[in-house]
Structure formats: C-alpha cells, structure tokens
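Asks: Enclosed is the structure file my_file.cif (mmCIF, C-alpha atoms; chains and numbers go by the auth columns).
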data_model
#
loop_
_atom_site.group_PDB
_atom_site.id
_atom_site.type_symbol
_atom_site.label_atom_id
_atom_site.label_comp_id
_atom_site.label_asym_id
_atom_site.label_seq_id
_atom_site.Cartn_x
_atom_site.Cartn_y
_atom_site.Cartn_z
_atom_site.B_iso_or_equiv
_atom_site.auth_seq_id
_atom_site.auth_asym_id
ATOM 1 C CA MET A 1 59.672 194.914 104.829 0.00 1 T
ATOM 2 C CA PRO A 2 60.010 197.003 107.972 0.00 2 T
ATOM 3 C CA CYS A 3 58.088 196.047 111.076 0.00 3 T
ATOM 4 C CA LEU A 4 56.578 198.566 113.474 0.00 4 T
ATOM 5 C CA THR A 5 55.584 197.126 116.829 0.00 5 T
ATOM 6 C CA VAL A 6 52.902 199.133 118.600 0.00 6 T
ATOM 7 C CA ARG A 7 53.935 197.935 122.039 0.00 7 T
ATOM 8 C CA ASP A 8 56.607 198.852 124.537 0.00 8 T
ATOM 9 C CA ASN A 9 58.415 195.519 124.185 0.00 9 T
ATOM 10 C CA THR A 10 58.745 192.470 121.977 0.00 10 T
ATOM 11 C CA GLU A 11 59.366 188.787 122.495 0.00 11 T
ATOM 12 C CA ARG A 12 61.840 189.037 119.609 0.00 12 T
ATOM 13 C CA PRO A 13 64.354 191.693 120.719 0.00 13 T
ATOM 14 C CA VAL A 14 66.846 190.523 118.091 0.00 14 T
ATOM 15 C CA THR A 15 64.593 192.147 115.473 0.00 15 T
ATOM 16 C CA VAL A 16 65.101 195.520 117.140 0.00 16 T
ATOM 17 C CA GLU A 17 68.827 194.948 117.591 0.00 17 T
ATOM 18 C CA ILE A 18 69.422 194.222 113.901 0.00 18 T
ATOM 19 C CA GLY A 19 67.103 196.950 112.693 0.00 19 T
ATOM 20 C CA SER A 20 64.232 195.033 111.109 0.00 20 T
ATOM 21 C CA ASN A 21 61.769 196.163 113.785 0.00 21 T
ATOM 22 C CA ILE A 22 61.038 199.469 115.478 0.00 22 T
ATOM 23 C CA LEU A 23 59.334 199.557 118.853 0.00 23 T
ATOM 24 C CA VAL A 24 56.907 202.440 118.517 0.00 24 T
ATOM 25 C CA GLY A 25 55.213 201.897 121.849 0.00 25 T
ATOM 26 C CA ARG A 26 51.937 203.722 122.446 0.00 26 T
ATOM 27 C CA ASP A 27 53.196 207.017 121.076 0.00 27 T
ATOM 28 C CA THR A 28 50.773 207.854 118.253 0.00 28 T
ATOM 29 C CA ASP A 29 52.943 210.724 116.998 0.00 29 T
ATOM 30 C CA ARG A 30 55.895 208.373 116.666 0.00 30 T
ATOM 31 C CA LEU A 31 53.695 205.798 114.954 0.00 31 T
ATOM 32 C CA ARG A 32 52.565 208.393 112.404 0.00 32 T
ATOM 33 C CA ALA A 33 56.158 209.456 111.792 0.00 33 T
ATOM 34 C CA GLU A 34 57.429 205.885 111.352 0.00 34 T
ATOM 35 C CA VAL A 35 54.533 204.979 109.038 0.00 35 T
ATOM 36 C CA ALA A 36 55.316 208.084 106.978 0.00 36 T
ATOM 37 C CA ASN A 37 58.959 206.947 106.769 0.00 37 T
ATOM 38 C CA VAL A 38 57.889 203.494 105.564 0.00 38 T
ATOM 39 C CA LEU A 39 55.504 204.906 102.958 0.00 39 T
ATOM 40 C CA ALA A 40 58.160 207.334 101.740 0.00 40 T
ATOM 41 C CA GLY A 41 60.682 204.523 101.326 0.00 41 T
ATOM 42 C CA GLU A 42 62.815 205.939 104.125 0.00 42 T
ATOM 43 C CA ALA A 43 62.274 203.186 106.642 0.00 43 T
ATOM 44 C CA LYS A 44 65.115 201.891 108.749 0.00 44 T
ATOM 45 C CA ARG A 45 66.885 199.048 106.943 0.00 45 T
ATOM 46 C CA GLY A 46 67.550 195.877 108.822 0.00 46 T
ATOM 47 C CA ALA A 47 68.501 192.293 108.254 0.00 47 T
ATOM 48 C CA VAL A 48 66.835 188.950 108.723 0.00 48 T
ATOM 49 C CA PRO A 49 67.939 187.377 112.022 0.00 49 T
ATOM 50 C CA PRO A 50 70.218 184.347 111.752 0.00 50 T
ATOM 51 C CA LEU A 51 68.285 181.092 111.213 0.00 51 T
ATOM 52 C CA TRP A 52 65.081 183.005 110.324 0.00 52 T
ATOM 53 C CA ASP A 53 65.049 181.337 106.956 0.00 53 T
ATOM 54 C CA GLY A 54 61.632 179.678 106.923 0.00 54 T
ATOM 55 C CA HIS A 55 63.062 176.313 107.918 0.00 55 T
ATOM 56 C CA ALA A 56 62.472 176.363 111.688 0.00 56 T
ATOM 57 C CA ALA A 57 59.909 173.548 111.467 0.00 57 T
ATOM 58 C CA ASP A 58 62.437 171.380 109.603 0.00 58 T
ATOM 59 C CA ARG A 59 65.067 171.954 112.291 0.00 59 T
ATOM 60 C CA ILE A 60 62.554 171.253 115.075 0.00 60 T
ATOM 61 C CA ALA A 61 61.381 168.040 113.380 0.00 61 T
ATOM 62 C CA ASP A 62 65.001 166.904 112.963 0.00 62 T
ATOM 63 C CA ALA A 63 65.760 167.608 116.622 0.00 63 T
ATOM 64 C CA LEU A 64 62.629 165.769 117.761 0.00 64 T
ATOM 65 C CA GLU A 65 63.417 162.817 115.521 0.00 65 T
ATOM 66 C CA LYS A 66 66.942 162.568 116.965 0.00 66 T
ATOM 67 C CA TRP A 67 65.618 162.913 120.516 0.00 67 T
ATOM 68 C CA TRP A 68 62.909 160.292 119.898 0.00 68 T
ATOM 69 C CA ALA A 69 65.443 157.864 118.408 0.00 69 T
ATOM 70 C CA THR A 70 67.497 157.953 121.627 0.00 70 T
ATOM 71 C CA ARG A 71 64.465 157.154 123.786 0.00 71 T
ATOM 72 C CA PHE A 72 63.836 153.656 122.410 0.00 72 T
#
Output the structure of this file as structure tokens.
Replies:
Amino acid sequence: MPCLTVRDNTERPVTVEIGSNILVGRDTDRLRAEVANVLAGEAKRGAVPPLWDGHAADRIADALEKWWATRF
C-alpha cells in the first residue's frame, strides 16, 4: 500500500528512498495527483524496508534481555 506523507519531511527517510512513501508536502495539487495515481492503481511501487517485518518488539526485547543479563 503506498504512503503519501502530507509534510515536507519524514522521520523515516528510508521509506522515500525505497519508494514506499511519497513526500507530498503542502502542495494540494500534488496531493490530488498522487491520490488519483493511487486510486487508479498507478501508484509508485516500493519495497518494505529491511527489518520492517513486524518483529521489532521481539528484537528489542531480546536486546534488553541480553543487556539486563550482563548487569547482574
């Protein structure tokens, strides 16, 4: 699913780099055009960023568990 960000920047620039996100900014004409592309099935195709697999919490918990184990 394509993502349109209605801002001038994003905290996740990798999404723009790999094509899964388009920074539309505050340009309403561009927003209309990009929405039309999405609805027409002509949206930019991108990929899921590496490690964005829904398992971030598992990796964080593992890292915290390892860190905690070294503390005591």
Asks: Show which residues sit within 12 Å of T:Pro49, as a short mmCIF file (atom, residue, chain, number, x, y, z; two decimals) with C-alpha atoms, in the frame of the given file. Count all atoms listed in the file, and ignore same-chain residues fewer than 6 positions away.
Replies:
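Result saved to part01.cif:
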data_model
loop_
_atom_site.label_atom_id
_atom_site.label_comp_id
_atom_site.auth_asym_id
_atom_site.auth_seq_id
_atom_site.Cartn_x
_atom_site.Cartn_y
_atom_site.Cartn_z
CA ARG T 12 61.84 189.04 119.61
CA PRO T 13 64.35 191.69 120.72
CA VAL T 14 66.85 190.52 118.09
CA THR T 15 64.59 192.15 115.47
CA VAL T 16 65.10 195.52 117.14
CA GLU T 17 68.83 194.95 117.59
CA ILE T 18 69.42 194.22 113.90
CA GLY T 19 67.10 196.95 112.69
CA SER T 20 64.23 195.03 111.11
CA ASN T 21 61.77 196.16 113.78
#
Asks: With the PyMOL selection byres ((chain T and resi 30-40) around 10) as the selection, what would be picked from this file? Answer as a ChimeraX atom specification, please.
Replies: /T:1-6,22-29,41-44
Asks: Go ahead and save the picked residues with C-alpha atoms, as a short mmCIF file (atom, residue, chain, number, x, y, z; two decimals), in the frame of the given file.
Replies:
data_model
loop_
_atom_site.label_atom_id
_atom_site.label_comp_id
_atom_site.auth_asym_id
_atom_site.auth_seq_id
_atom_site.Cartn_x
_atom_site.Cartn_y
_atom_site.Cartn_z
CA MET T 1 59.67 194.91 104.83
CA PRO T 2 60.01 197.00 107.97
CA CYS T 3 58.09 196.05 111.08
CA LEU T 4 56.58 198.57 113.47
CA THR T 5 55.58 197.13 116.83
CA VAL T 6 52.90 199.13 118.60
CA ILE T 22 61.04 199.47 115.48
CA LEU T 23 59.33 199.56 118.85
CA VAL T 24 56.91 202.44 118.52
CA GLY T 25 55.21 201.90 121.85
CA ARG T 26 51.94 203.72 122.45
CA ASP T 27 53.20 207.02 121.08
CA THR T 28 50.77 207.85 118.25
CA ASP T 29 52.94 210.72 117.00
CA GLY T 41 60.68 204.52 101.33
CA GLU T 42 62.82 205.94 104.12
CA ALA T 43 62.27 203.19 106.64
CA LYS T 44 65.11 201.89 108.75
#
Asks: Let me have the centre and edge lengths of the axis-aligned box enclosing all listed atoms of stretch 21-40 of chain T with 4 Å padding on every side, in Å to one decimal, as JSON.
Replies:
{"center_x": 56.3, "center_y": 203.4, "center_z": 112.1, "size_x": 19.0, "size_y": 22.6, "size_z": 28.7}
Asks: Work out how far atom CA of T:Glu11 is from atom CA of T:Gly46, in Å to one decimal.
Replies: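 If I compute the distance from atom CA of T:Gly46 to atom CA of T:Glu11, I get 17.4 Å.
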Asks: Can you work out the spacing between atom CA of T:Pro50 and atom CA of T:Ala69 in Å, to one decimal?
Replies: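 Atom-to-atom, atom CA of T:Pro50 to atom CA of T:Ala69, that is 27.7 Å.
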